[in-house]
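**Q** Next up is a structure, given as structure tokens.
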Amino acid sequence: MTNTTDALRHTEIGLLLYPGCAMASVHGLTDAFEVANDYARQHGGADRIRTSHWRVGANGFERSFDSAPRGDTSSHGSAGNPEYIVIPGRLADPLTVDEVSDFVGWLRQRHGTGATIASICGGAFMLGHAGLLSGRRATTHWLYAEAFATAFPDVDVTAGDIIVEDGDIITAGGMLAWTDLGIRLVHRVLGPTVMADTAKFLLVDPAGREQRHYSTFAPRLTHGDDAVLKVQHWLQAHRSDEINVPDLAERAGLETRTFLRRFQKATGLRPTEYVQALRIALARERLEFSRDTVERIAWNVGYKDPSAFRRVFQKVTGLSASAYRDRFGAAMRA
């Protein structure tokens, strides 16, 4: 008689541990995959997820945890090749090339032998330093998007996305995007039925989300251009006023063309884009914390045409103003 355990097909997902990595995502994914395995068992399927934790040990890379041990603990031989590897983020500044030097060779080797590599939040920087994102699309935490684009100019950074699946490379955005990544991996390994059951149990929306629903505008203020900074400070207090570029240039004491060039270099945005970002940030706040109508909010933040405001708000946030209030409005729930 065939042993039931032997008949199971395990796909190994290895979670990479490194100094300072966010253990919440490691433990959360470990639990999520166990939940998925329970549902797979209930449905009578033969596929399971084998969850392992990998770290650098005395003899190279080794498992420090294994949900389905087979007696092999080292990375040598085919038994030491997880089909998927996940790089967690961390609660600190983006990873530097020196900090990831012990890991990039192993990641390249695993990827070269067919493994799919995934990252969470700032873990994408390790993928970038390993050279595995060149010419690809990727996401990371919206707060790190600018630094990521600077460090890896040959990567197409789409920071508005929670998940970017690019075949054998998957990147997840925010720190808690491990939930979205986990659901995608469950779908890949155990199929849509088990994925849907797992998502319901974890209260995760399997349809996906976007980072731009949550991101806030953080203007650059430490660029060192005093003339531009003077205008930024004025705009912060007058963002709902009628704005025109010549007046802003005069306020900066610069010719219009010089002002435009310096403003975009300092802030990364054209003046009109910058004012739009300021206004939408204020609109978000009022949608969250006031009971004002959308029309009144549009007027108060500088849009005389509510329809134009609604179009811009949807473009920037990915949600209509009403949907944004339904999701995030504290005042409406009070």
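Each chain in the structure tokens gets a letter, A, B and so on, in the order shown; residues start at 1 in every chain, and ligands are counted from 1 in the order they appear.
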Go through stretch 193-254 of chain A and collect every residue that DSSP, computed from the backbone, puts in helix (DSSP H, G or I); the answer should be as an mmCIF file with C-alpha atoms, in the first residue's frame.
**A**
```cif
data_model
loop_
_atom_site.group_PDB
_atom_site.id
_atom_site.type_symbol
_atom_site.label_atom_id
_atom_site.label_comp_id
_atom_site.auth_asym_id
_atom_site.auth_seq_id
_atom_site.Cartn_x
_atom_site.Cartn_y
_atom_site.Cartn_z
ATOM 1 C CA THR A 193 -10.065 27.035 -4.996
ATOM 2 C CA VAL A 194 -7.564 26.689 -2.159
ATOM 3 C CA MET A 195 -6.440 30.276 -2.769
ATOM 4 C CA ALA A 196 -10.025 31.561 -2.389
ATOM 5 C CA ASP A 197 -10.570 29.560 0.804
ATOM 6 C CA THR A 198 -7.276 30.784 2.270
ATOM 7 C CA ALA A 199 -8.024 34.394 1.359
ATOM 8 C CA LYS A 200 -11.418 34.215 3.051
ATOM 9 C CA PHE A 201 -9.872 32.729 6.189
ATOM 10 C CA LEU A 202 -7.186 35.438 6.302
ATOM 11 C CA GLN A 211 -0.330 51.090 -3.135
ATOM 12 C CA ARG A 212 -1.577 54.412 -4.433
ATOM 13 C CA HIS A 213 -4.744 53.863 -2.365
ATOM 14 C CA ASP A 226 16.545 77.977 -1.415
ATOM 15 C CA ALA A 227 14.608 79.731 -4.189
ATOM 16 C CA VAL A 228 12.561 76.609 -4.918
ATOM 17 C CA LEU A 229 12.103 75.883 -1.213
ATOM 18 C CA LYS A 230 10.680 79.375 -0.718
ATOM 19 C CA VAL A 231 8.034 78.628 -3.365
ATOM 20 C CA GLN A 232 7.291 75.202 -1.852
ATOM 21 C CA HIS A 233 6.625 76.766 1.541
ATOM 22 C CA TRP A 234 4.323 79.334 -0.067
ATOM 23 C CA LEU A 235 2.441 76.657 -2.003
ATOM 24 C CA GLN A 236 1.891 74.631 1.146
ATOM 25 C CA ALA A 237 -0.125 77.519 2.589
ATOM 26 C CA HIS A 238 -1.781 78.588 -0.695
ATOM 27 C CA VAL A 245 3.963 79.544 -13.258
ATOM 28 C CA PRO A 246 5.117 83.106 -14.024
ATOM 29 C CA ASP A 247 3.929 84.265 -10.589
ATOM 30 C CA LEU A 248 5.767 81.366 -8.930
ATOM 31 C CA ALA A 249 8.926 82.222 -10.880
ATOM 32 C CA GLU A 250 8.649 85.834 -9.761
ATOM 33 C CA ARG A 251 8.236 84.699 -6.164
ATOM 34 C CA ALA A 252 11.417 82.639 -6.548
#
```
**Q** In Å, how far is it from atom CA of A:Phe61 to atom CA of A:Val100?
**A**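 About the pair atom CA of A:Phe61 and atom CA of A:Val100: they are 13.8 Å apart.
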**Q** Give me, as JSON lines, each residue of stretch 196-271 of chain A that comes within 12 Å of stretch 144-161 of chain A, together with its shortest interatomic pair and the distance in Å at one decimal, counting only C-alpha atoms, with rows ordered by chain and rising residue number.
**A**
```
{"residue": "A:Gly208", "atom": "CA", "partner": "A:Asp161", "partner_atom": "CA", "distance": 9.2}
{"residue": "A:Arg209", "atom": "CA", "partner": "A:Asp161", "partner_atom": "CA", "distance": 7.5}
{"residue": "A:Glu210", "atom": "CA", "partner": "A:Asp161", "partner_atom": "CA", "distance": 4.9}
{"residue": "A:Gln211", "atom": "CA", "partner": "A:Gly160", "partner_atom": "CA", "distance": 4.7}
{"residue": "A:Arg212", "atom": "CA", "partner": "A:Gly160", "partner_atom": "CA", "distance": 4.9}
{"residue": "A:His213", "atom": "CA", "partner": "A:Gly160", "partner_atom": "CA", "distance": 8.2}
{"residue": "A:Tyr214", "atom": "CA", "partner": "A:Gly160", "partner_atom": "CA", "distance": 9.3}
{"residue": "A:Ser215", "atom": "CA", "partner": "A:Gly160", "partner_atom": "CA", "distance": 8.4}
{"residue": "A:Thr216", "atom": "CA", "partner": "A:Gly160", "partner_atom": "CA", "distance": 11.4}
{"residue": "A:Ala218", "atom": "CA", "partner": "A:Glu146", "partner_atom": "CA", "distance": 11.2}
{"residue": "A:Pro219", "atom": "CA", "partner": "A:Glu146", "partner_atom": "CA", "distance": 11.6}
{"residue": "A:Arg220", "atom": "CA", "partner": "A:Glu146", "partner_atom": "CA", "distance": 10.6}
{"residue": "A:Thr267", "atom": "CA", "partner": "A:Glu146", "partner_atom": "CA", "distance": 11.3}
{"residue": "A:Gly268", "atom": "CA", "partner": "A:Glu146", "partner_atom": "CA", "distance": 9.5}
```
**Q** Applying 9 Å and only C-alpha atoms, which residues near A:Ala321 remain after dropping the ones on its own chain fewer than 5 positions away? List them as a CSV table (one decimal) with N, CA and C atoms, in the first residue's frame.
**A**
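Below is the file selection.csv, written as the result:
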```
chain,number,residue,atom,x,y,z
A,283,ALA,N,-7.3,66.9,-0.1
A,283,ALA,CA,-8.6,66.3,-0.4
A,283,ALA,C,-8.7,64.9,0.4
A,284,ARG,N,-7.6,64.1,0.3
A,284,ARG,CA,-7.6,62.8,1.0
A,284,ARG,C,-7.9,63.1,2.5
A,287,LEU,N,-11.6,64.1,3.0
A,287,LEU,CA,-12.4,62.9,2.8
A,287,LEU,C,-12.4,62.0,4.0
A,294,VAL,N,-18.3,65.9,-1.5
A,294,VAL,CA,-17.2,65.9,-2.4
A,294,VAL,C,-17.1,67.2,-3.2
A,309,PHE,N,-12.1,67.6,-10.6
A,309,PHE,CA,-11.5,67.0,-9.4
A,309,PHE,C,-11.7,65.5,-9.3
A,310,ARG,N,-12.9,65.0,-9.6
A,310,ARG,CA,-13.1,63.6,-9.5
A,310,ARG,C,-12.2,62.8,-10.4
A,313,PHE,N,-8.6,63.0,-9.0
A,313,PHE,CA,-8.5,62.1,-7.8
A,313,PHE,C,-8.4,60.7,-8.1
A,314,GLN,N,-9.3,60.2,-9.0
A,314,GLN,CA,-9.3,58.8,-9.5
A,314,GLN,C,-7.9,58.5,-10.1
A,326,ASP,N,-15.5,55.9,1.6
A,326,ASP,CA,-16.1,54.6,2.1
A,326,ASP,C,-15.0,53.7,2.8
```
**Q** List the spatial neighbours of stretch 301-308 of chain A as a PyMOL selection string - criterion: any atom at most 8 Å away, only C-alpha atoms, same-chain residues fewer than 3 positions off excluded.
**A** chain A and resi 239-242+279-280+282-283+294-295+297-298+311-312
**Q** With a distance cut-off of 12 Å and only C-alpha atoms, select the neighbouring residues of A:Asp180, excluding the residue or stretch itself and same-chain residues fewer than 5 positions from it, and output the selection as a PyMOL selection string.
**A** chain A and resi 25+28-29+32+118-121+161-165+170-175+185-187+195+198-199+202-211
**Q** Would you mind exporting the chosen residues as a compact mmCIF listing (two decimals), in the first residue's frame, restricted to N, CA and C atoms?
**A**
```txt
# COMPACT_ATOMS: atom_id res chain seq x y z
N SER A 25 6.47 39.03 8.66
CA SER A 25 6.13 38.45 7.36
C SER A 25 6.56 36.99 7.27
N GLY A 28 4.07 35.16 9.42
CA GLY A 28 2.76 35.26 8.80
C GLY A 28 2.63 34.36 7.59
N LEU A 29 3.64 34.35 6.72
CA LEU A 29 3.60 33.47 5.56
C LEU A 29 3.64 32.00 5.96
N ALA A 32 0.19 31.23 6.99
CA ALA A 32 -0.73 31.27 5.85
C ALA A 32 -0.59 30.02 4.99
N ALA A 118 10.98 35.98 -5.03
CA ALA A 118 10.01 37.01 -4.69
C ALA A 118 10.58 37.90 -3.59
N SER A 119 10.10 39.14 -3.54
CA SER A 119 10.53 40.05 -2.49
C SER A 119 9.33 40.76 -1.91
N ILE A 120 9.49 41.24 -0.68
CA ILE A 120 8.46 42.00 0.01
C ILE A 120 9.06 43.35 0.39
N CYS A 121 8.33 44.42 0.10
CA CYS A 121 8.71 45.76 0.54
C CYS A 121 10.15 46.08 0.08
N ASP A 161 1.74 49.68 -7.61
CA ASP A 161 1.24 48.30 -7.55
C ASP A 161 1.61 47.63 -6.24
N ILE A 162 0.67 46.86 -5.70
CA ILE A 162 0.96 46.04 -4.54
C ILE A 162 1.80 44.83 -4.95
N ILE A 163 1.47 44.24 -6.09
CA ILE A 163 2.19 43.06 -6.58
C ILE A 163 2.55 43.26 -8.05
N VAL A 164 3.78 42.92 -8.42
CA VAL A 164 4.17 42.83 -9.82
C VAL A 164 4.68 41.42 -10.06
N GLU A 165 3.97 40.68 -10.89
CA GLU A 165 4.40 39.32 -11.26
C GLU A 165 5.06 39.40 -12.63
N ILE A 170 8.83 37.96 -8.63
CA ILE A 170 7.61 38.58 -8.10
C ILE A 170 8.04 39.59 -7.04
N THR A 171 7.53 40.81 -7.12
CA THR A 171 7.82 41.81 -6.09
C THR A 171 6.52 42.29 -5.49
N ALA A 172 6.53 42.47 -4.17
CA ALA A 172 5.37 42.95 -3.43
C ALA A 172 5.73 44.27 -2.77
N GLY A 173 4.77 45.19 -2.69
CA GLY A 173 5.06 46.56 -2.29
C GLY A 173 5.29 46.78 -0.81
N GLY A 174 4.23 47.08 -0.05
CA GLY A 174 4.36 47.50 1.34
C GLY A 174 4.75 46.39 2.28
N MET A 175 5.02 46.76 3.54
CA MET A 175 5.46 45.80 4.55
C MET A 175 4.44 44.68 4.75
N LEU A 185 1.11 33.12 -4.22
CA LEU A 185 1.89 31.89 -4.23
C LEU A 185 1.00 30.67 -3.97
N VAL A 186 0.01 30.82 -3.10
CA VAL A 186 -0.94 29.73 -2.88
C VAL A 186 -1.68 29.42 -4.18
N HIS A 187 -2.06 30.46 -4.90
CA HIS A 187 -2.74 30.26 -6.19
C HIS A 187 -1.85 29.50 -7.15
N MET A 195 -6.77 28.87 -2.94
CA MET A 195 -6.44 30.28 -2.77
C MET A 195 -7.63 31.05 -2.23
N THR A 198 -8.31 30.20 1.41
CA THR A 198 -7.28 30.78 2.27
C THR A 198 -7.47 32.28 2.42
N ALA A 199 -7.80 32.95 1.31
CA ALA A 199 -8.02 34.39 1.36
C ALA A 199 -9.19 34.74 2.26
N LEU A 202 -8.11 34.38 5.88
CA LEU A 202 -7.19 35.44 6.30
C LEU A 202 -7.78 36.84 6.15
N LEU A 203 -9.02 36.92 5.61
CA LEU A 203 -9.67 38.21 5.36
C LEU A 203 -8.82 39.08 4.43
N VAL A 204 -8.31 38.46 3.37
CA VAL A 204 -7.52 39.16 2.36
C VAL A 204 -8.33 39.19 1.08
N ASP A 205 -8.33 40.35 0.41
CA ASP A 205 -9.05 40.49 -0.85
C ASP A 205 -8.21 39.90 -1.97
N PRO A 206 -8.61 38.76 -2.53
CA PRO A 206 -7.78 38.14 -3.58
C PRO A 206 -7.79 38.91 -4.88
N ALA A 207 -8.71 39.87 -5.02
CA ALA A 207 -8.74 40.65 -6.26
C ALA A 207 -7.58 41.62 -6.35
N GLY A 208 -6.91 41.87 -5.24
CA GLY A 208 -5.73 42.72 -5.26
C GLY A 208 -6.03 44.16 -4.91
N ARG A 209 -4.99 44.88 -4.54
CA ARG A 209 -5.10 46.28 -4.15
C ARG A 209 -3.99 47.05 -4.84
N GLU A 210 -3.95 48.35 -4.61
CA GLU A 210 -2.91 49.19 -5.18
C GLU A 210 -2.32 50.07 -4.09
N GLN A 211 -0.98 50.27 -4.15
CA GLN A 211 -0.33 51.09 -3.14
C GLN A 211 -0.80 52.53 -3.17
```
**Q** Considering only C-alpha atoms, return as a list in words whatever protein or nucleic-acid residues lie within 8 Å of stretch 92-94 of chain A, sequence-local ones (same chain, fewer than 6 positions apart) excluded.
**A**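 Skipping anything fewer than 6 positions along the chain leaves Gly20, Gly122, Phe125 and Tyr144 of chain A.
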**Q** For A:Thr11, work out the shell of residues within 10 Å, counting only C-alpha atoms and skipping chain neighbours fewer than 2 positions away, then give it as a ChimeraX atom specification.
**A** /A:8-9,13-14,47-51,82-84,189-190
**Q** How would the residues just chosen look if you wrote them out with C-alpha atoms as a CSV table (one decimal), in the first residue's frame?
**A**
```
chain,number,residue,atom,x,y,z
A,8,LEU,CA,2.0,14.0,-1.6
A,9,ARG,CA,3.7,16.5,-3.9
A,13,ILE,CA,8.8,27.9,-0.6
A,14,GLY,CA,12.0,29.1,1.2
A,47,ASP,CA,-0.2,19.1,-3.6
A,48,ARG,CA,1.2,20.8,-0.5
A,49,ILE,CA,3.5,23.7,0.3
A,50,ARG,CA,6.7,22.9,2.1
A,51,THR,CA,7.7,26.0,4.0
A,82,PRO,CA,13.5,25.4,-3.0
A,83,GLU,CA,11.3,26.1,-6.0
A,84,TYR,CA,10.4,29.6,-4.6
A,189,VAL,CA,1.0,26.1,-6.1
A,190,LEU,CA,-2.4,24.9,-4.8
```
**Q** Find the residue from A:Phe217, A:Trp178, A:Trp54, A:Phe259 that sits nearest to A:Val275; use only C-alpha atoms when measuring.
**A** A:Phe217
**Q** At what distance in Å, to one decimal, does atom CA of A:Ile117 lie from atom CA of A:Glu62?
**A**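 These atoms are spaced 17.1 Å apart.
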**Q** I need the residue nearest A:Ala36 from this list: A:Leu127, A:Leu221, A:Ile183, A:Ile243. Use only C-alpha atoms for the distance.
**A**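 That would be A:Ile183, the residue with the smallest distance to A:Ala36.
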**Q** Ranking A:Ala46, A:Ala7, A:Leu176, A:Leu15 by minimum distance to A:Gly191 and counting only C-alpha atoms, which one comes first?
**A**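 Among the listed residues, A:Ala46 lies closest to A:Gly191.
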**Q** Compare A:Phe33, A:Tyr324, A:Ala277, A:Phe263 by their minimum atom-to-atom distance to A:Leu181, counting only C-alpha atoms, and give me the closest one.
**A**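 The shortest atom-to-atom distance to A:Leu181 comes from A:Phe33.
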